[in-house]
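Colleague: My structure is stored as final.cif, with mmCIF, C-alpha atoms and all ligand atoms.
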data_target
loop_
_atom_site.label_atom_id
_atom_site.label_comp_id
_atom_site.auth_asym_id
_atom_site.auth_seq_id
_atom_site.Cartn_x
_atom_site.Cartn_y
_atom_site.Cartn_z
CA MET O 1 -79.39 -54.69 21.46
CA HIS O 2 -78.93 -58.40 22.06
CA VAL O 3 -75.45 -59.32 23.18
CA LEU O 4 -76.31 -62.98 23.21
CA GLU O 5 -78.71 -64.99 21.09
CA VAL O 6 -79.44 -68.64 21.60
CA SER O 7 -81.81 -70.19 19.11
CA ARG O 8 -83.31 -73.65 19.27
CA VAL O 9 -80.24 -75.18 20.83
CA SER O 10 -80.29 -78.86 21.79
CA LYS O 11 -77.74 -81.21 23.31
CA SER O 12 -78.01 -84.86 24.33
CA PHE O 13 -75.64 -87.15 26.19
CA GLY O 14 -76.57 -90.64 25.02
CA SER O 15 -80.24 -90.97 25.82
CA VAL O 16 -80.23 -87.96 28.20
CA ARG O 17 -81.72 -84.95 26.46
CA ALA O 18 -79.91 -82.36 28.56
CA VAL O 19 -81.03 -79.28 26.58
CA GLN O 20 -83.99 -79.27 24.21
CA GLU O 21 -84.76 -76.49 21.74
CA VAL O 22 -83.73 -73.72 24.09
CA SER O 23 -84.00 -70.15 22.76
CA PHE O 24 -83.41 -66.83 24.48
CA ALA O 25 -81.61 -63.55 24.03
CA ALA O 26 -79.85 -61.35 26.58
CA ASN O 27 -79.82 -57.55 26.38
CA ARG O 28 -76.76 -55.42 27.02
CA GLY O 29 -76.40 -54.45 30.68
CA GLU O 30 -78.93 -56.85 32.12
CA VAL O 31 -78.65 -59.61 34.67
CA PHE O 32 -80.12 -62.62 32.89
CA THR O 33 -80.64 -65.64 35.10
CA ILE O 34 -81.15 -69.24 34.13
CA ILE O 35 -82.78 -71.04 36.99
CA GLY O 36 -83.77 -74.65 37.34
CA PRO O 37 -83.45 -77.64 39.64
CA ASN O 38 -80.42 -79.96 39.62
CA GLY O 39 -79.89 -81.57 36.25
CA ALA O 40 -82.20 -79.11 34.45
CA GLY O 41 -79.52 -78.33 31.87
CA LYS O 42 -78.19 -75.01 33.17
CA THR O 43 -74.49 -75.86 33.07
CA THR O 44 -74.77 -77.53 29.66
CA THR O 45 -76.53 -74.44 28.27
CA LEU O 46 -73.91 -72.12 29.71
CA GLU O 47 -71.01 -74.25 28.50
CA MET O 48 -72.39 -74.24 24.96
CA ILE O 49 -72.58 -70.44 25.05
CA GLU O 50 -69.05 -70.27 26.47
CA GLY O 51 -67.77 -72.44 23.60
CA LEU O 52 -66.83 -75.33 25.91
CA GLN O 53 -69.40 -77.71 24.41
CA ARG O 54 -70.88 -77.91 20.93
CA PRO O 55 -74.64 -77.98 20.51
CA ASP O 56 -76.07 -80.94 18.56
CA SER O 57 -78.31 -78.45 16.78
CA GLY O 58 -79.34 -74.82 16.94
CA ALA O 59 -77.34 -71.60 16.76
CA ILE O 60 -75.56 -69.37 19.25
CA SER O 61 -74.36 -65.85 18.63
CA VAL O 62 -72.21 -64.03 21.19
CA LEU O 63 -71.73 -60.29 20.64
CA GLY O 64 -72.81 -60.87 17.06
CA MET O 65 -70.15 -63.55 16.51
CA THR O 66 -70.14 -67.36 16.32
CA TRP O 67 -67.71 -69.84 17.86
CA ASP O 68 -67.02 -71.44 14.47
CA LYS O 69 -65.70 -68.25 12.94
CA ASP O 70 -64.62 -65.94 15.74
CA ALA O 71 -63.51 -68.05 18.71
CA GLU O 72 -60.45 -65.94 19.60
CA ASN O 73 -62.38 -62.72 19.40
CA ILE O 74 -65.22 -64.03 21.55
CA LYS O 75 -62.74 -65.26 24.19
CA MET O 76 -61.27 -61.77 24.49
CA ARG O 77 -64.66 -60.18 25.06
CA ILE O 78 -66.40 -62.58 27.42
CA GLY O 79 -65.58 -63.51 31.00
CA VAL O 80 -66.00 -66.95 32.48
CA GLN O 81 -65.76 -67.51 36.19
CA PRO O 82 -63.43 -70.51 36.59
CA GLN O 83 -64.14 -73.32 39.05
CA SER O 84 -62.55 -72.58 42.44
CA SER O 85 -60.30 -75.58 41.80
CA ALA O 86 -58.61 -73.66 38.96
CA LEU O 87 -57.21 -71.11 41.43
CA PHE O 88 -53.59 -71.49 42.51
CA ASP O 89 -53.69 -72.47 46.17
CA LEU O 90 -50.15 -71.39 47.03
CA LEU O 91 -50.40 -68.00 45.35
CA THR O 92 -52.01 -64.96 46.95
CA VAL O 93 -55.18 -63.26 45.78
CA GLU O 94 -53.14 -60.58 44.07
CA GLU O 95 -50.77 -63.06 42.44
CA ASN O 96 -53.62 -65.15 41.08
CA LEU O 97 -55.21 -62.10 39.49
CA ALA O 98 -51.87 -60.92 38.08
CA LEU O 99 -51.22 -64.35 36.60
CA PHE O 100 -54.59 -64.55 34.86
CA ALA O 101 -54.19 -60.92 33.73
CA SER O 102 -50.93 -61.87 31.99
CA PHE O 103 -52.87 -64.21 29.66
CA TYR O 104 -54.53 -61.23 27.98
CA ASP O 105 -53.16 -58.41 25.84
CA ARG O 106 -55.54 -56.00 27.54
CA HIS O 107 -56.77 -56.26 31.10
CA ARG O 108 -58.13 -54.15 33.96
CA PRO O 109 -55.68 -53.16 36.73
CA VAL O 110 -55.49 -55.82 39.45
CA PRO O 111 -56.18 -53.35 42.34
CA GLU O 112 -59.38 -52.25 40.64
CA ILE O 113 -60.61 -55.84 40.36
CA MET O 114 -59.70 -56.51 44.03
CA GLU O 115 -61.84 -53.51 45.00
CA LEU O 116 -64.73 -54.73 42.88
CA ILE O 117 -64.71 -58.19 44.48
CA ASN O 118 -64.06 -56.74 47.90
CA LEU O 119 -60.80 -58.61 48.52
CA THR O 120 -58.36 -55.70 48.81
CA ASP O 121 -57.86 -56.37 52.51
CA HIS O 122 -57.07 -60.02 51.77
CA ARG O 123 -54.80 -59.41 48.80
CA ARG O 124 -51.73 -60.94 50.41
CA LYS O 125 -53.49 -64.08 51.61
CA MET O 126 -52.80 -67.39 49.95
CA VAL O 127 -55.82 -68.91 48.26
CA LYS O 128 -55.66 -71.98 50.47
CA THR O 129 -56.41 -69.82 53.53
CA LEU O 130 -59.52 -68.14 52.03
CA SER O 131 -63.10 -69.03 52.93
CA GLY O 132 -65.39 -70.60 50.32
CA GLY O 133 -67.09 -67.29 49.67
CA GLN O 134 -63.78 -65.44 49.27
CA LYS O 135 -62.57 -68.05 46.78
CA GLN O 136 -65.77 -67.63 44.79
CA ARG O 137 -65.27 -63.86 44.75
CA LEU O 138 -61.71 -64.32 43.53
CA ALA O 139 -62.95 -66.67 40.79
CA ILE O 140 -65.42 -63.97 39.71
CA GLY O 141 -62.56 -61.45 39.73
CA ILE O 142 -60.59 -63.72 37.41
CA GLY O 143 -63.59 -63.83 35.09
CA LEU O 144 -63.58 -60.03 35.05
CA ILE O 145 -59.86 -59.42 34.57
CA ASN O 146 -60.09 -59.03 30.76
CA ASP O 147 -62.82 -56.39 31.13
CA PRO O 148 -65.43 -58.59 29.40
CA GLU O 149 -68.67 -57.26 28.02
CA ILE O 150 -70.53 -60.35 29.19
CA ILE O 151 -69.67 -62.36 32.27
CA PHE O 152 -70.94 -65.89 32.88
CA LEU O 153 -71.37 -67.03 36.47
CA ASP O 154 -72.35 -70.68 36.92
CA GLU O 155 -73.99 -71.18 40.30
CA PRO O 156 -71.63 -68.75 42.04
CA THR O 157 -73.43 -69.00 45.37
CA THR O 158 -74.11 -72.74 45.65
CA GLY O 159 -73.03 -74.08 49.00
CA LEU O 160 -72.29 -70.66 50.51
CA ASP O 161 -73.83 -69.38 53.72
CA PRO O 162 -76.38 -66.54 53.47
CA GLN O 163 -73.88 -63.77 54.23
CA ALA O 164 -71.36 -65.05 51.70
CA ARG O 165 -74.18 -65.32 49.14
CA ARG O 166 -75.12 -61.71 49.76
CA ASN O 167 -71.52 -60.63 49.20
CA ILE O 168 -71.70 -62.24 45.77
CA TRP O 169 -75.04 -60.53 45.09
CA ASP O 170 -73.32 -57.20 45.82
CA ILE O 171 -70.78 -57.92 43.11
CA VAL O 172 -73.49 -58.81 40.58
CA LEU O 173 -75.29 -55.56 41.37
CA LYS O 174 -72.06 -53.60 40.97
CA LEU O 175 -71.49 -55.22 37.57
CA ARG O 176 -74.96 -54.18 36.55
CA ALA O 177 -74.27 -50.63 37.70
CA ILE O 178 -71.17 -50.42 35.47
CA GLY O 179 -73.12 -51.74 32.48
CA LYS O 180 -71.81 -55.31 32.21
CA THR O 181 -74.13 -58.04 31.04
CA THR O 182 -74.26 -60.91 33.52
CA VAL O 183 -75.56 -64.37 32.69
CA LEU O 184 -76.08 -66.24 35.90
CA THR O 185 -77.28 -69.70 36.81
CA THR O 186 -78.68 -70.59 40.17
CA HIS O 187 -81.05 -72.94 41.85
CA TYR O 188 -81.97 -70.42 44.51
CA MET O 189 -85.29 -68.83 43.58
CA GLU O 190 -84.82 -65.97 46.01
CA GLU O 191 -81.53 -65.11 44.35
CA ALA O 192 -83.08 -65.08 40.88
CA GLU O 193 -85.86 -62.87 42.16
CA GLN O 194 -83.55 -60.38 43.87
CA LEU O 195 -80.88 -60.01 41.21
CA SER O 196 -82.34 -60.57 37.79
CA ASP O 197 -83.73 -58.25 35.21
CA ARG O 198 -85.04 -61.33 33.47
CA VAL O 199 -85.30 -64.93 34.43
CA CYS O 200 -85.50 -68.04 32.30
CA ILE O 201 -86.85 -71.02 34.21
CA ILE O 202 -85.76 -74.38 32.85
CA ASP O 203 -86.77 -77.87 33.83
CA GLN O 204 -85.67 -81.13 32.20
CA GLY O 205 -83.83 -79.29 29.45
CA ARG O 206 -86.74 -77.10 28.39
CA ILE O 207 -87.64 -73.48 29.02
CA ILE O 208 -90.89 -73.36 30.93
CA ALA O 209 -91.15 -69.61 31.43
CA MET O 210 -89.14 -66.46 30.75
CA ASP O 211 -89.76 -62.85 31.74
CA THR O 212 -88.99 -60.31 34.47
CA PRO O 213 -89.50 -61.81 37.93
CA LYS O 214 -92.31 -59.34 38.50
CA ALA O 215 -94.14 -60.24 35.30
CA LEU O 216 -93.77 -63.96 35.98
CA ILE O 217 -95.24 -63.60 39.42
CA GLY O 218 -97.93 -61.31 37.99
CA ARG O 219 -98.98 -64.06 35.59
CA LEU O 220 -100.07 -66.19 38.50
CA THR O 221 -103.60 -65.83 39.65
CA GLN O 222 -104.37 -63.20 42.21
CA GLU O 223 -104.41 -65.94 44.83
CA ARG O 224 -102.50 -65.33 48.03
CA GLU O 225 -101.78 -67.56 50.96
CA ILE O 226 -102.95 -66.43 54.37
CA HIS O 227 -101.24 -67.83 57.45
CA LEU O 228 -103.14 -67.73 60.74
CA LYS O 229 -102.13 -68.95 64.16
CA LEU O 230 -104.88 -69.51 66.71
CA ALA O 231 -104.70 -70.17 70.43
CA ASP O 232 -105.01 -73.93 70.16
CA GLU O 233 -105.98 -76.83 67.93
CA ALA O 234 -109.69 -76.70 68.72
CA ALA O 235 -109.88 -73.01 67.85
CA ALA O 236 -107.97 -73.65 64.62
CA ALA O 237 -110.33 -76.51 63.71
CA ALA O 238 -113.30 -74.20 64.18
CA ALA O 239 -111.65 -71.48 62.08
CA GLU O 240 -110.83 -74.10 59.43
CA GLY O 241 -114.57 -74.84 59.18
CA ALA O 242 -115.29 -71.13 58.80
CA ALA O 243 -112.62 -70.78 56.12
CA ARG O 244 -114.09 -73.63 54.09
CA THR O 245 -117.43 -71.82 53.81
CA GLU O 246 -115.90 -68.56 52.57
CA PRO O 247 -116.49 -68.38 48.78
CA ASN O 248 -113.05 -66.99 47.80
CA VAL O 249 -111.14 -69.75 49.53
CA THR O 250 -109.61 -72.39 47.24
CA ARG O 251 -107.57 -74.46 49.67
CA VAL O 252 -107.25 -74.90 53.43
CA GLU O 253 -104.57 -76.79 55.31
CA ARG O 254 -104.31 -77.09 59.06
CA LYS O 255 -101.38 -78.17 61.22
CA GLY O 256 -102.14 -78.01 64.92
CA ALA O 257 -103.10 -74.44 65.74
CA GLN O 258 -101.87 -73.12 62.38
CA LEU O 259 -103.89 -72.59 59.22
CA ARG O 260 -102.76 -71.96 55.66
CA ILE O 261 -105.53 -70.67 53.48
CA ARG O 262 -105.39 -69.91 49.74
CA SER O 263 -107.80 -67.24 48.67
CA GLY O 264 -108.59 -65.32 45.49
CA LYS O 265 -109.56 -62.31 47.61
CA PRO O 266 -107.37 -62.45 50.69
CA GLU O 267 -108.72 -59.26 52.25
CA ALA O 268 -112.32 -60.51 52.08
CA THR O 269 -111.31 -63.90 53.46
CA LEU O 270 -109.39 -62.34 56.30
CA TYR O 271 -112.31 -60.06 57.16
CA HIS O 272 -114.60 -63.09 57.27
CA LEU O 273 -112.22 -65.08 59.48
CA LEU O 274 -111.53 -62.25 61.89
CA GLY O 275 -115.30 -61.71 62.20
CA PHE O 276 -115.73 -65.40 62.97
CA ALA O 277 -112.96 -65.33 65.57
CA SER O 278 -114.35 -62.33 67.36
CA GLU O 279 -117.91 -63.73 67.38
CA SER O 280 -116.74 -67.02 68.81
CA GLY O 281 -114.47 -65.31 71.34
CA GLN O 282 -111.20 -66.64 69.93
CA THR O 283 -107.94 -64.80 69.62
CA VAL O 284 -105.86 -64.87 66.50
CA GLU O 285 -102.24 -64.87 67.60
CA GLN O 286 -100.54 -64.31 64.28
CA ILE O 287 -101.66 -63.27 60.81
CA SER O 288 -99.64 -62.95 57.64
CA ILE O 289 -100.33 -62.90 53.93
CA ARG O 290 -97.56 -64.49 51.96
CA GLU O 291 -96.49 -62.80 48.72
CA MET O 292 -96.21 -65.11 45.75
CA SER O 293 -92.67 -65.88 44.65
CA LEU O 294 -90.87 -67.37 41.68
CA GLU O 295 -91.14 -70.66 43.48
CA ASP O 296 -94.91 -70.48 43.03
CA VAL O 297 -94.34 -69.74 39.34
CA PHE O 298 -92.31 -72.94 39.02
CA ILE O 299 -94.96 -74.95 40.81
CA ALA O 300 -97.72 -73.40 38.67
CA PHE O 301 -95.89 -74.19 35.40
CA THR O 302 -94.62 -77.68 36.20
CA GLY O 303 -97.08 -78.93 38.79
CA LYS O 304 -94.01 -80.03 40.79
CA GLU O 305 -92.73 -78.86 44.13
CA TRP O 306 -89.53 -76.82 44.03
CA ARG O 307 -86.56 -78.32 45.89
CA ASP O 308 -83.46 -76.24 46.48
N1 LIG I 401 -70.80 -84.79 30.10
C1 LIG I 401 -71.96 -85.37 30.36
N2 LIG I 401 -72.15 -86.67 30.12
C2 LIG I 401 -73.34 -87.27 30.37
N3 LIG I 401 -74.42 -86.64 30.88
C3 LIG I 401 -74.29 -85.34 31.16
C4 LIG I 401 -73.07 -84.62 30.92
N4 LIG I 401 -73.24 -83.34 31.31
C5 LIG I 401 -74.51 -83.25 31.76
N5 LIG I 401 -75.15 -84.44 31.66
C6 LIG I 401 -76.57 -84.70 32.02
O1 LIG I 401 -77.36 -83.71 31.40
C7 LIG I 401 -78.38 -83.24 32.26
C8 LIG I 401 -78.25 -81.74 32.48
O2 LIG I 401 -77.07 -81.48 33.24
P1 LIG I 401 -76.54 -80.04 33.63
O3 LIG I 401 -75.27 -80.20 34.37
O4 LIG I 401 -76.54 -79.17 32.44
O5 LIG I 401 -77.69 -79.57 34.61
P2 LIG I 401 -77.67 -78.38 35.67
O6 LIG I 401 -78.99 -77.73 35.53
O7 LIG I 401 -76.47 -77.55 35.48
O8 LIG I 401 -77.62 -79.17 37.02
P3 LIG I 401 -76.79 -78.88 38.36
O9 LIG I 401 -77.53 -77.81 39.07
O10 LIG I 401 -76.88 -80.21 39.04
O11 LIG I 401 -75.40 -78.52 37.91
C9 LIG I 401 -78.26 -84.07 33.53
O12 LIG I 401 -79.14 -85.16 33.42
C10 LIG I 401 -76.82 -84.53 33.50
O13 LIG I 401 -76.68 -85.76 34.19
#
Here is the file; what I need is its structure written in the form of structure tokens.
Modeller:
Amino acid sequence: MHVLEVSRVSKSFGSVRAVQEVSFAANRGEVFTIIGPNGAGKTTTLEMIEGLQRPDSGAISVLGMTWDKDAENIKMRIGVQPQSSALFDLLTVEENLALFASFYDRHRPVPEIMELINLTDHRRKMVKTLSGGQKQRLAIGIGLINDPEIIFLDEPTTGLDPQARRNIWDIVLKLRAIGKTTVLTTHYMEEAEQLSDRVCIIDQGRIIAMDTPKALIGRLTQEREIHLKLADEAAAAAAEGAARTEPNVTRVERKGAQLRIRSGKPEATLYHLLGFASESGQTVEQISIREMSLEDVFIAFTGKEWRD
């Protein structure tokens, strides 16, 4: 069942077409991720779904309801992670949660939420003394206090260090395990790949691809990138020549003693290159075959490099 349906939604700001004819639907219990570079239209899309902005055209249904008719009802049943700046600096973790809980007729117990966001040990700390990652976790906890069926997290990990990001990923995975639907935005491809059941890639306000991360990557050609490190530049130049004559190779780049080779049949190419190295008495110091990632999907669909 779809808990969220967005159909042909558009929104412009003056001449900026922030969101153009975007359509997607999220299933109950899934982690649905909207990923795109800065300015792609992620926040605008999310804010229209959250009822904070009105689309110029198109329709949005949240849990089978619309903002025009059922705003109060929708607000009770969705969770929105507030900006960290909405937290009360001079109140503790526990007090912030209790305050936000008091806004709702029904809410989850505060200790349970503190467990979920892994802040029980910090419950008596004032917000102003928390780290960036801890504040983000508290903001997620606030979004969860009314026991929402769908939670919206807008770039919850932006600017956090890798460990703090992973702590947030743990929460998203816990939410999935308890059957919540999570709609997430991010500009970290790795994050989308690790966490999402489905990913919607947007660029310049338009959806360019949508599917499971695995299926998106599977749509790419069978090409893989082989990385080789040889003993020195001369050896790498010789191997580069050998790579260029191998029929499965589509691209070769060399930097010093390192080679990056794209091949439609990486095993065959590697076999050829290792044969060449052993015949010419050269040692290959490092070999790896890089798996394709969502980043490659973005590049394949847009022809542009991905920048975090
Ligand atoms: N209130 C506004 N007024 C004018 N332009 C806006 C407004 N909100 C967004 N935009 C523009 O719309 C486009 C999409 O912005 P949006 O914030 O939705 O992108 P985003 O994908 O969330 O980017 P980021 O990762 O930088 O937050 C951008 O060109 C942005 O400058």
Colleague: Of the candidates O:Asp147, O:Glu47, O:Asp197, O:Glu21, which shows the shortest atom-to-atom distance to O:Asp105, using all atoms listed in the file?
Modeller: O:Asp147
Colleague: Show me which residues line ligand LIG 401 (chain I), defined as having an atom within 12 Å of a ligand atom where all atoms listed in the file count, and present them as JSON, numbers by chain.
Modeller: {"O": [10, 11, 12, 13, 14, 15, 16, 17, 18, 19, 20, 34, 35, 36, 37, 38, 39, 40, 41, 42, 43, 44, 45, 46, 47, 48, 52, 53, 54, 153, 154, 155, 156, 157, 158, 159, 184, 185, 186, 187, 188, 201, 202, 203, 204, 205, 206, 207, 307, 308]}
Colleague: May I ask for the distance between atom CA of O:Gly133 and atom CA of O:Thr181, given in Å to one decimal place?
Modeller: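 These atoms are spaced 22.0 Å apart.
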Colleague: O:Thr250, O:Gly281, O:Gly179, O:Ile208: which is nearest O:Phe298, counting all atoms listed in the file?
Modeller: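 Checking each of O:Thr250, O:Gly281, O:Gly179, O:Ile208 against O:Phe298, counting all atoms listed in the file, the winner is O:Ile208.
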Colleague: Of the candidates O:Glu233, O:Glu240, O:Glu193, O:Glu253, which shows the shortest atom-to-atom distance to O:Glu295, using all atoms listed in the file?
Modeller: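 Once distances to O:Glu295 are computed over all atoms listed in the file, the minimum belongs to O:Glu193.
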Colleague: From the set O:Phe100, O:Phe152, O:Tyr271, O:Trp169, which residue has the shortest atom-to-atom contact distance to O:Ile117, counting all atoms listed in the file?
Modeller: O:Trp169
Colleague: Nearest to O:Val199 among O:Gln83, O:Ala101, O:Leu294, O:Gln222, with distances taken over all atoms listed in the file: which residue is it?
Modeller: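 Residue with the minimum atom-to-atom distance to O:Val199: O:Leu294.
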Colleague: Restricting the calculation to all atoms listed in the file, which member of O:Glu279, O:Asp232, O:Glu149, O:Glu225 is positioned closest to O:Arg251?
Modeller: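 Of all the options, O:Glu225 lies closest to O:Arg251.
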Colleague: Set the distance at 12 Å and use all atoms listed in the file: which residues neighbour O:Gly143 once local chain neighbours fewer than 3 positions away are removed? I'd like the list as a ChimeraX atom specification.
Modeller: /O:75-84,86-87,96-97,100-101,104,107-108,113,117,136-140,146-154,156,175,182
Colleague: With C-alpha atoms kept, could you save the residues just selected as a compact mmCIF listing (two decimals), in the frame of the given file?
Modeller:
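Written out: selection18.txt:
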# COMPACT_ATOMS: atom_id res chain seq x y z
CA LYS O 75 -62.74 -65.26 24.19
CA MET O 76 -61.27 -61.77 24.49
CA ARG O 77 -64.66 -60.18 25.06
CA ILE O 78 -66.40 -62.58 27.42
CA GLY O 79 -65.58 -63.51 31.00
CA VAL O 80 -66.00 -66.95 32.48
CA GLN O 81 -65.76 -67.51 36.19
CA PRO O 82 -63.43 -70.51 36.59
CA GLN O 83 -64.14 -73.32 39.05
CA SER O 84 -62.55 -72.58 42.44
CA ALA O 86 -58.61 -73.66 38.96
CA LEU O 87 -57.21 -71.11 41.43
CA ASN O 96 -53.62 -65.15 41.08
CA LEU O 97 -55.21 -62.10 39.49
CA PHE O 100 -54.59 -64.55 34.86
CA ALA O 101 -54.19 -60.92 33.73
CA TYR O 104 -54.53 -61.23 27.98
CA HIS O 107 -56.77 -56.26 31.10
CA ARG O 108 -58.13 -54.15 33.96
CA ILE O 113 -60.61 -55.84 40.36
CA ILE O 117 -64.71 -58.19 44.48
CA GLN O 136 -65.77 -67.63 44.79
CA ARG O 137 -65.27 -63.86 44.75
CA LEU O 138 -61.71 -64.32 43.53
CA ALA O 139 -62.95 -66.67 40.79
CA ILE O 140 -65.42 -63.97 39.71
CA ASN O 146 -60.09 -59.03 30.76
CA ASP O 147 -62.82 -56.39 31.13
CA PRO O 148 -65.43 -58.59 29.40
CA GLU O 149 -68.67 -57.26 28.02
CA ILE O 150 -70.53 -60.35 29.19
CA ILE O 151 -69.67 -62.36 32.27
CA PHE O 152 -70.94 -65.89 32.88
CA LEU O 153 -71.37 -67.03 36.47
CA ASP O 154 -72.35 -70.68 36.92
CA PRO O 156 -71.63 -68.75 42.04
CA LEU O 175 -71.49 -55.22 37.57
CA THR O 182 -74.26 -60.91 33.52
